[in-house]
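Shown below: input_36.cif, with mmCIF, C-alpha atoms (C1' of nucleotides).
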data_upload
loop_
_atom_site.group_PDB
_atom_site.id
_atom_site.type_symbol
_atom_site.label_atom_id
_atom_site.label_comp_id
_atom_site.auth_asym_id
_atom_site.auth_seq_id
_atom_site.Cartn_x
_atom_site.Cartn_y
_atom_site.Cartn_z
ATOM 1 C CA MET A 253 101.745 94.317 99.665
ATOM 2 C CA ASN A 254 105.351 93.919 98.752
ATOM 3 C CA ASP A 255 105.875 93.465 95.074
ATOM 4 C CA PRO A 256 105.362 96.662 93.091
ATOM 5 C CA LEU A 257 103.440 94.584 90.564
ATOM 6 C CA ASP A 258 100.870 93.945 93.286
ATOM 7 C CA THR A 259 100.247 97.601 93.945
ATOM 8 C CA VAL A 260 100.275 98.625 90.303
ATOM 9 C CA PHE A 261 97.834 95.972 89.155
ATOM 10 C CA ALA A 262 95.619 96.518 92.182
ATOM 11 C CA ALA A 263 95.557 100.231 91.433
ATOM 12 C CA LEU A 264 94.568 99.546 87.841
ATOM 13 C CA ALA A 265 91.799 97.168 88.847
ATOM 14 C CA ASP A 266 89.422 99.978 89.768
ATOM 15 C CA PRO A 267 87.522 101.770 86.994
ATOM 16 C CA THR A 268 87.492 105.089 88.847
ATOM 17 C CA ARG A 269 91.253 104.993 89.133
ATOM 18 C CA ARG A 270 91.706 104.059 85.480
ATOM 19 C CA ALA A 271 89.448 106.953 84.556
ATOM 20 C CA ILE A 272 91.543 109.300 86.672
ATOM 21 C CA LEU A 273 94.695 108.146 84.929
ATOM 22 C CA SER A 274 93.081 108.792 81.572
ATOM 23 C CA MET A 275 92.131 112.280 82.653
ATOM 24 C CA LEU A 276 95.688 112.960 83.724
ATOM 25 C CA LEU A 277 96.918 111.910 80.294
ATOM 26 C CA GLU A 278 95.680 115.246 79.011
ATOM 27 C CA ASP A 279 96.979 117.469 81.758
ATOM 28 C CA ASP A 280 98.083 117.763 85.346
ATOM 29 C CA MET A 281 95.109 118.462 87.587
ATOM 30 C CA ALA A 282 94.253 119.642 91.081
ATOM 31 C CA VAL A 283 92.533 117.159 93.378
ATOM 32 C CA THR A 284 89.266 119.074 93.352
ATOM 33 C CA ASP A 285 89.241 119.147 89.567
ATOM 34 C CA VAL A 286 89.964 115.455 89.372
ATOM 35 C CA ALA A 287 86.997 114.828 91.634
ATOM 36 C CA GLU A 288 84.595 117.037 89.756
ATOM 37 C CA PRO A 289 83.311 114.617 87.070
ATOM 38 C CA PHE A 290 82.726 111.831 89.581
ATOM 39 C CA GLN A 291 79.652 111.180 91.664
ATOM 40 C CA MET A 292 81.798 110.673 94.709
ATOM 41 C CA SER A 293 82.905 112.612 97.746
ATOM 42 C CA LEU A 294 86.167 114.512 97.596
ATOM 43 C CA ALA A 295 87.555 112.308 100.355
ATOM 44 C CA GLY A 296 86.768 109.268 98.246
ATOM 45 C CA ILE A 297 88.723 110.639 95.315
ATOM 46 C CA SER A 298 91.497 111.661 97.655
ATOM 47 C CA LYS A 299 91.807 108.041 98.736
ATOM 48 C CA HIS A 300 91.938 106.839 95.152
ATOM 49 C CA LEU A 301 94.661 109.352 94.420
ATOM 50 C CA ALA A 302 96.610 108.125 97.422
ATOM 51 C CA ILE A 303 96.408 104.599 96.077
ATOM 52 C CA LEU A 304 97.583 105.716 92.649
ATOM 53 C CA ALA A 305 100.440 107.619 94.257
ATOM 54 C CA GLY A 306 101.298 104.603 96.379
ATOM 55 C CA ALA A 307 101.638 102.575 93.210
ATOM 56 C CA GLY A 308 103.838 105.263 91.714
ATOM 57 C CA LEU A 309 101.374 105.879 88.921
ATOM 58 C CA ILE A 310 101.028 109.539 89.815
ATOM 59 C CA THR A 311 102.964 112.064 91.853
ATOM 60 C CA GLN A 312 101.413 114.910 93.812
ATOM 61 C CA GLU A 313 103.005 118.267 94.351
ATOM 62 C CA LYS A 314 101.471 120.846 96.650
ATOM 63 C CA ARG A 315 101.741 124.413 95.433
ATOM 64 C CA GLY A 316 99.940 126.804 97.716
ATOM 65 C CA ARG A 317 96.759 125.183 98.903
ATOM 66 C CA VAL A 318 96.365 123.281 95.655
ATOM 67 C CA LYS A 319 97.820 119.807 95.227
ATOM 68 C CA TRP A 320 98.661 118.993 91.637
ATOM 69 C CA CYS A 321 98.459 115.461 90.330
ATOM 70 C CA LYS A 322 100.774 114.367 87.568
ATOM 71 C CA LEU A 323 100.705 111.115 85.626
ATOM 72 C CA GLU A 324 103.838 108.974 85.908
ATOM 73 C CA PRO A 325 103.511 106.555 83.030
ATOM 74 C CA ASP A 326 106.868 105.026 83.691
ATOM 75 C CA ALA A 327 105.422 103.176 86.667
ATOM 76 C CA LEU A 328 103.517 101.051 84.183
ATOM 77 C CA ARG A 329 106.630 99.804 82.509
ATOM 78 C CA ALA A 330 107.329 96.883 84.843
ATOM 79 C CA ALA A 331 103.735 95.720 84.652
ATOM 80 C CA SER A 332 103.756 96.075 80.902
ATOM 81 C CA VAL A 333 106.912 94.027 80.596
ATOM 82 C CA TRP A 334 105.374 91.326 82.737
ATOM 83 C CA MET A 335 102.258 91.144 80.609
ATOM 84 C CA GLN A 336 104.007 91.237 77.280
ATOM 85 C CA GLY A 337 105.863 88.096 78.257
ATOM 86 C CA PHE A 338 102.674 86.107 77.971
ATOM 87 C CA GLY A 339 101.207 87.216 74.726
ATOM 88 C CA GLN A 340 104.019 88.465 72.589
ATOM 89 C CA PHE A 341 101.524 90.892 71.257
ATOM 90 C CA GLU A 342 102.352 92.807 68.179
ATOM 91 C CA PRO A 343 103.304 96.410 68.871
ATOM 92 C CA VAL A 344 100.251 98.339 69.914
ATOM 93 C CA ASN A 345 99.181 101.479 68.157
ATOM 94 C CA LEU A 346 97.377 104.434 69.573
ATOM 95 C CA GLU A 347 94.302 103.891 67.467
ATOM 96 C CA ALA A 348 93.523 100.737 69.353
ATOM 97 C CA PHE A 349 94.018 102.614 72.570
ATOM 98 C CA GLU A 350 91.654 105.350 71.572
ATOM 99 C CA ARG A 351 89.022 102.830 70.616
ATOM 100 C CA PHE A 352 89.420 101.504 74.098
ATOM 101 C CA LEU A 353 88.977 104.822 75.783
ATOM 102 C CA ALA A 354 85.939 105.494 73.664
ATOM 103 C CA ALA A 355 84.456 102.162 74.624
ATOM 104 C CA GLU A 356 85.040 102.801 78.261
ATOM 105 C CA PHE A 357 83.710 106.324 78.605
ATOM 106 C CA GLY A 358 81.877 106.849 75.346
ATOM 107 C CA ASP A 359 83.618 110.182 75.496
ATOM 108 C CA GLY A 360 85.053 111.826 72.406
ATOM 109 C CA THR A 361 88.663 110.859 72.682
ATOM 110 C CA GLY A 362 90.242 112.743 69.916
ATOM 111 C CA THR A 363 89.569 111.569 66.388
ATOM 112 C CA GLU A 364 86.495 113.659 65.786
ATOM 113 C CA THR A 365 86.606 117.274 66.912
ATOM 114 C CA ALA A 366 89.823 117.163 68.788
ATOM 115 C CA ARG A 367 89.254 118.259 72.359
ATOM 116 C CA GLN A 368 87.903 121.744 72.280
ATOM 117 C CA GLY A 369 88.596 124.354 74.901
ATOM 118 C CA ASP A 370 91.498 123.225 77.052
ATOM 119 C CA MET B 32 82.586 93.876 88.370
ATOM 120 C CA ASN B 33 81.565 94.774 84.874
ATOM 121 C CA ASP B 34 84.462 95.885 82.779
ATOM 122 C CA PRO B 35 86.725 93.029 81.757
ATOM 123 C CA LEU B 36 89.655 95.301 82.564
ATOM 124 C CA ASP B 37 88.509 95.228 86.185
ATOM 125 C CA THR B 38 88.596 91.469 86.439
ATOM 126 C CA VAL B 39 91.829 91.066 84.514
ATOM 127 C CA PHE B 40 93.762 93.625 86.514
ATOM 128 C CA ALA B 41 92.288 92.377 89.778
ATOM 129 C CA ALA B 42 93.329 88.845 88.868
ATOM 130 C CA LEU B 43 96.852 90.021 88.121
ATOM 131 C CA ALA B 44 97.121 91.928 91.390
ATOM 132 C CA ASP B 45 97.754 88.793 93.426
ATOM 133 C CA PRO B 46 101.269 87.311 93.450
ATOM 134 C CA THR B 47 100.018 83.745 93.821
ATOM 135 C CA ARG B 48 97.919 84.142 90.718
ATOM 136 C CA ARG B 49 100.753 85.698 88.748
ATOM 137 C CA ALA B 50 102.958 82.812 89.794
ATOM 138 C CA ILE B 51 100.329 80.357 88.597
ATOM 139 C CA LEU B 52 100.165 82.084 85.242
ATOM 140 C CA SER B 53 103.925 81.859 84.928
ATOM 141 C CA MET B 54 103.820 78.163 85.682
ATOM 142 C CA LEU B 55 101.211 77.668 83.005
ATOM 143 C CA LEU B 56 103.455 79.382 80.490
ATOM 144 C CA GLU B 57 105.517 76.230 80.434
ATOM 145 C CA ASP B 58 102.744 73.698 80.227
ATOM 146 C CA ASP B 59 99.132 72.916 80.922
ATOM 147 C CA MET B 60 98.744 71.585 84.433
ATOM 148 C CA ALA B 61 96.270 69.771 86.652
ATOM 149 C CA VAL B 62 94.891 71.639 89.650
ATOM 150 C CA THR B 63 96.746 69.456 92.137
ATOM 151 C CA ASP B 64 100.038 70.034 90.345
ATOM 152 C CA VAL B 65 99.437 73.757 90.243
ATOM 153 C CA ALA B 66 98.891 73.697 93.992
ATOM 154 C CA GLU B 67 101.943 71.619 94.812
ATOM 155 C CA PRO B 68 104.619 74.351 95.045
ATOM 156 C CA PHE B 69 102.455 76.596 97.196
ATOM 157 C CA GLN B 70 102.094 76.589 100.947
ATOM 158 C CA MET B 71 98.344 76.785 100.626
ATOM 159 C CA SER B 72 95.390 74.454 100.779
ATOM 160 C CA LEU B 73 94.144 72.912 97.576
ATOM 161 C CA ALA B 74 90.839 74.691 98.019
ATOM 162 C CA GLY B 75 92.684 77.977 98.212
ATOM 163 C CA ILE B 76 94.413 77.329 94.912
ATOM 164 C CA SER B 77 91.131 76.174 93.437
ATOM 165 C CA LYS B 78 89.656 79.567 94.285
ATOM 166 C CA HIS B 79 92.555 81.375 92.677
ATOM 167 C CA LEU B 80 92.118 79.300 89.551
ATOM 168 C CA ALA B 81 88.436 80.167 89.490
ATOM 169 C CA ILE B 82 89.331 83.845 89.598
ATOM 170 C CA LEU B 83 91.829 83.447 86.773
ATOM 171 C CA ALA B 84 89.232 81.571 84.756
ATOM 172 C CA GLY B 85 86.676 84.256 85.516
ATOM 173 C CA ALA B 86 89.028 86.810 84.053
ATOM 174 C CA GLY B 87 89.513 84.639 80.989
ATOM 175 C CA LEU B 88 93.209 84.285 81.710
ATOM 176 C CA ILE B 89 92.973 80.507 81.819
ATOM 177 C CA THR B 90 90.534 77.872 80.694
ATOM 178 C CA GLN B 91 89.880 74.618 82.508
ATOM 179 C CA GLU B 92 88.993 71.392 80.804
ATOM 180 C CA LYS B 93 88.038 68.334 82.769
ATOM 181 C CA ARG B 94 89.354 65.083 81.369
ATOM 182 C CA GLY B 95 88.525 62.200 83.586
ATOM 183 C CA ARG B 96 88.822 63.264 87.165
ATOM 184 C CA VAL B 97 91.614 65.656 86.350
ATOM 185 C CA LYS B 98 90.925 69.273 85.461
ATOM 186 C CA TRP B 99 93.547 70.708 83.181
ATOM 187 C CA CYS B 100 94.406 74.380 83.325
ATOM 188 C CA LYS B 101 95.542 76.141 80.190
ATOM 189 C CA LEU B 102 96.914 79.632 79.856
ATOM 190 C CA GLU B 103 94.913 81.983 77.625
ATOM 191 C CA PRO B 104 97.332 84.809 76.948
ATOM 192 C CA ASP B 105 94.948 86.502 74.595
ATOM 193 C CA ALA B 106 92.905 87.682 77.562
ATOM 194 C CA LEU B 107 95.779 90.008 78.380
ATOM 195 C CA ARG B 108 95.578 91.796 75.098
ATOM 196 C CA ALA B 109 92.931 94.335 76.084
ATOM 197 C CA ALA B 110 94.740 95.173 79.295
ATOM 198 C CA SER B 111 98.011 95.445 77.460
ATOM 199 C CA VAL B 112 96.527 97.789 74.918
ATOM 200 C CA TRP B 113 95.161 99.955 77.703
ATOM 201 C CA MET B 114 98.513 100.188 79.417
ATOM 202 C CA GLN B 115 100.538 100.813 76.307
ATOM 203 C CA GLY B 116 98.456 103.884 75.687
ATOM 204 C CA PHE B 117 100.095 105.596 78.626
ATOM 205 C CA GLY B 118 103.720 104.909 78.182
ATOM 206 C CA GLN B 119 104.366 104.194 74.536
ATOM 207 C CA PHE B 120 107.030 101.840 75.719
ATOM 208 C CA GLU B 121 109.518 100.509 73.310
ATOM 209 C CA PRO B 122 108.790 96.977 72.160
ATOM 210 C CA VAL B 123 109.434 94.536 74.958
ATOM 211 C CA ASN B 124 111.629 91.523 74.524
ATOM 212 C CA LEU B 125 111.500 88.207 76.289
ATOM 213 C CA GLU B 126 114.825 88.721 77.972
ATOM 214 C CA ALA B 127 113.372 91.474 80.062
ATOM 215 C CA PHE B 128 110.477 89.233 80.926
ATOM 216 C CA GLU B 129 112.735 86.422 82.036
ATOM 217 C CA ARG B 130 114.687 88.780 84.226
ATOM 218 C CA PHE B 131 111.398 89.630 85.817
ATOM 219 C CA LEU B 132 110.436 86.066 86.480
ATOM 220 C CA ALA B 133 113.842 85.423 87.960
ATOM 221 C CA ALA B 134 113.466 88.394 90.224
ATOM 222 C CA GLU B 135 110.080 87.267 91.370
ATOM 223 C CA PHE B 136 110.717 83.597 92.152
ATOM 224 C CA GLY B 137 114.475 83.225 91.865
ATOM 225 C CA ASP B 138 113.498 80.088 89.963
ATOM 226 C CA GLY B 139 115.236 78.789 86.840
ATOM 227 C CA THR B 140 113.275 80.555 84.182
ATOM 228 C CA GLY B 141 113.511 78.389 81.176
ATOM 229 C CA THR B 142 117.098 78.299 80.084
ATOM 230 C CA GLU B 143 117.658 75.053 81.954
ATOM 231 C CA THR B 144 114.517 73.011 81.198
ATOM 232 C CA ALA B 145 112.627 73.785 84.357
ATOM 233 C CA ARG B 146 110.259 70.821 84.212
ATOM 234 C CA GLN B 147 111.954 67.717 85.417
ATOM 235 C CA GLY B 148 110.003 64.493 85.680
ATOM 236 C CA ASP B 149 106.642 65.336 84.264
ATOM 237 C "C1'" DC C 119 90.734 139.152 111.233
ATOM 238 C "C1'" DC C 120 87.227 136.352 109.169
ATOM 239 C "C1'" DA C 121 85.466 133.544 105.908
ATOM 240 C "C1'" DA C 122 85.887 130.581 102.103
ATOM 241 C "C1'" DT C 123 88.547 126.995 99.653
ATOM 242 C "C1'" DC C 124 91.605 122.863 99.319
ATOM 243 C "C1'" DG C 125 92.596 118.651 100.911
ATOM 244 C "C1'" DT C 126 93.306 115.038 104.456
ATOM 245 C "C1'" DC C 127 92.203 112.515 108.718
ATOM 246 C "C1'" DA C 128 89.463 109.535 111.638
ATOM 247 C "C1'" DA C 129 85.806 106.773 112.493
ATOM 248 C "C1'" DC C 130 82.541 104.084 110.685
ATOM 249 C "C1'" DC C 131 79.958 100.912 107.340
ATOM 250 C "C1'" DG C 132 78.838 97.032 104.165
ATOM 251 C "C1'" DA C 133 80.840 94.129 100.871
ATOM 252 C "C1'" DA C 134 84.566 91.731 98.840
ATOM 253 C "C1'" DT C 135 89.204 89.093 99.441
ATOM 254 C "C1'" DG C 136 92.203 85.590 100.717
ATOM 255 C "C1'" DG C 137 92.499 82.066 103.402
ATOM 256 C "C1'" DT C 138 91.121 77.881 106.357
ATOM 257 C "C1'" DT C 139 88.716 73.392 107.457
ATOM 258 C "C1'" DG C 140 85.535 69.555 106.762
ATOM 259 C "C1'" DA C 141 82.157 67.449 104.101
ATOM 260 C "C1'" DA C 142 80.596 66.296 99.519
ATOM 261 C "C1'" DT C 143 80.947 64.832 94.611
ATOM 262 C "C1'" DA C 144 83.154 62.622 90.715
ATOM 263 C "C1'" DT C 145 86.100 59.597 88.732
ATOM 264 C "C1'" DG C 146 89.449 55.837 88.452
ATOM 265 C "C1'" DC C 147 91.789 51.467 90.010
ATOM 266 C "C1'" DT C 148 91.826 46.807 91.518
ATOM 267 C "C1'" DA D 102 82.077 46.878 95.579
ATOM 268 C "C1'" DG D 103 85.259 49.539 97.894
ATOM 269 C "C1'" DC D 104 88.963 52.555 98.395
ATOM 270 C "C1'" DA D 105 91.942 56.253 96.825
ATOM 271 C "C1'" DT D 106 92.487 60.427 94.085
ATOM 272 C "C1'" DA D 107 90.945 64.914 92.216
ATOM 273 C "C1'" DT D 108 88.357 68.834 92.863
ATOM 274 C "C1'" DT D 109 84.824 71.712 94.556
ATOM 275 C "C1'" DC D 110 81.346 73.343 98.022
ATOM 276 C "C1'" DA D 111 79.900 75.527 102.234
ATOM 277 C "C1'" DA D 112 80.670 77.751 106.219
ATOM 278 C "C1'" DC D 113 83.494 80.488 108.631
ATOM 279 C "C1'" DC D 114 87.208 84.004 109.857
ATOM 280 C "C1'" DA D 115 90.210 88.154 109.693
ATOM 281 C "C1'" DT D 116 91.532 91.720 106.755
ATOM 282 C "C1'" DT D 117 91.153 94.933 103.128
ATOM 283 C "C1'" DC D 118 88.402 97.878 100.023
ATOM 284 C "C1'" DG D 119 85.477 101.419 98.442
ATOM 285 C "C1'" DG D 120 82.757 104.554 100.145
ATOM 286 C "C1'" DT D 121 80.492 108.090 103.439
ATOM 287 C "C1'" DT D 122 80.325 111.831 106.892
ATOM 288 C "C1'" DG D 123 82.165 115.299 109.981
ATOM 289 C "C1'" DA D 124 85.907 117.541 112.016
ATOM 290 C "C1'" DC D 125 90.308 119.456 111.191
ATOM 291 C "C1'" DG D 126 94.736 121.972 109.407
ATOM 292 C "C1'" DA D 127 96.457 124.934 105.749
ATOM 293 C "C1'" DT D 128 96.199 128.535 102.686
ATOM 294 C "C1'" DT D 129 94.220 132.373 100.282
ATOM 295 C "C1'" DG D 130 91.708 136.655 99.734
ATOM 296 C "C1'" DG D 131 88.558 140.506 101.088
#

Serialized structure, structure tokens:
Amino acid sequence: MNDPLDTVFAALADPTRRAILSMLLEDDMAVTDVAEPFQMSLAGISKHLAILAGAGLITQEKRGRVKWCKLEPDALRAASVWMQGFGQFEPVNLEAFERFLAAEFGDGTGTETARQGD
Amino acid sequence: MNDPLDTVFAALADPTRRAILSMLLEDDMAVTDVAEPFQMSLAGISKHLAILAGAGLITQEKRGRVKWCKLEPDALRAASVWMQGFGQFEPVNLEAFERFLAAEFGDGTGTETARQGD
DNA sequence: CCAATCGTCAACCGAATGGTTGAATATGCT
DNA sequence: AGCATATTCAACCATTCGGTTGACGATTGG
């Protein structure tokens, strides 16, 4: 895999990884905490995180025995530019995005009862 | 593969398929003509086209014995919306896109009527 | 020191990918 | 009819992917 577009799009093609990215939108997280909501072994999540890091979509910093995962949204820019070239979509607003998140997890993503307890 | 995001991103993760999409930006094309610039069997390209069609990124219409491939940029909208949610990138212009194409194929990207002899 | 916690590594597995070749199916031309 | 063109199908192959389990190296805390 050479082209960064390859790795970024491949990373985004997996629903678990997209879900992880969405989780990291809210806050940096430790690997174990990232893994918690998933029905998957820790090693499995660790692999997904490695793939996301390989694509530059997250960075991981080890403090003590805990490794913190941080979203790096800038890595999406190149891919976004590439895509926009096709559609010339009108500027996207966050509402549409939140509808999307809601559709994908059916999880309360903000509008009603903003996330409680952080 | 359930989520349309899965299929769209997976389709975009392959450089051959992205190149095909870029070619189709300029014009609809027959399968054989799509295959011509690639060092790959026709059947190989046919498979790639099937994947793109499966993701909704192109449609194929058979007229006579020729199957025409047409770009469907609207299929990118959902993926684009998803991505924009992370970065809130400034609106993207076509210049940036053309720089990208140039970087990826080093091919004349439009300014000088790329299609000769149609 | 000892035990628990955090995370990765290594080996393994089944399924999917990306590609090939050769035969098969349509369609068109003369 | 008969041949060439356009495209897919089917079988096969090597590689990668997504996942598991079990052992392992760090780090922390009693």

- Which residues of chain C are close to chain A, meaning at most 12 Å apart when you count all atoms listed in the file, and how do they look as a list in words? DT123, DC124, DG125, DT126, DC127 and DA128 of chain C

- Item | Nearest candidate to chain B (options A:Ala302, A:Ala307, A:Met335, A:Leu276; using only C-alpha atoms) | A:Met335

- Task: Run the PyMOL selection byres ((chain C and resi 145) around 12) against the file shown and list the residues it catches, as a ChimeraX atom specification.
- Result: /B:93-98 /C:143-144,146-147 /D:105-108

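Within 7 Å of chain A, counting all atoms listed in the file, chain D contributes DG120, DA127 and DT128 of chain D.
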
- Item | d(atom C1' of D:DC110, atom CA of B:Ala42) in Å | 21.6 Å

- Task: Identify which of the residues B:Pro35, B:Ala106, B:Thr90, B:Ala44 lies closest to chain A, counting all atoms listed in the file when measuring atom-to-atom distances.
- Result: B:Ala44

- What is the atom C1' of C:DT135-atom CA of B:Ala109 distance in Å, reported with one decimal?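 Result for atom C1' of C:DT135 versus atom CA of B:Ala109: 24.2 Å, one decimal.
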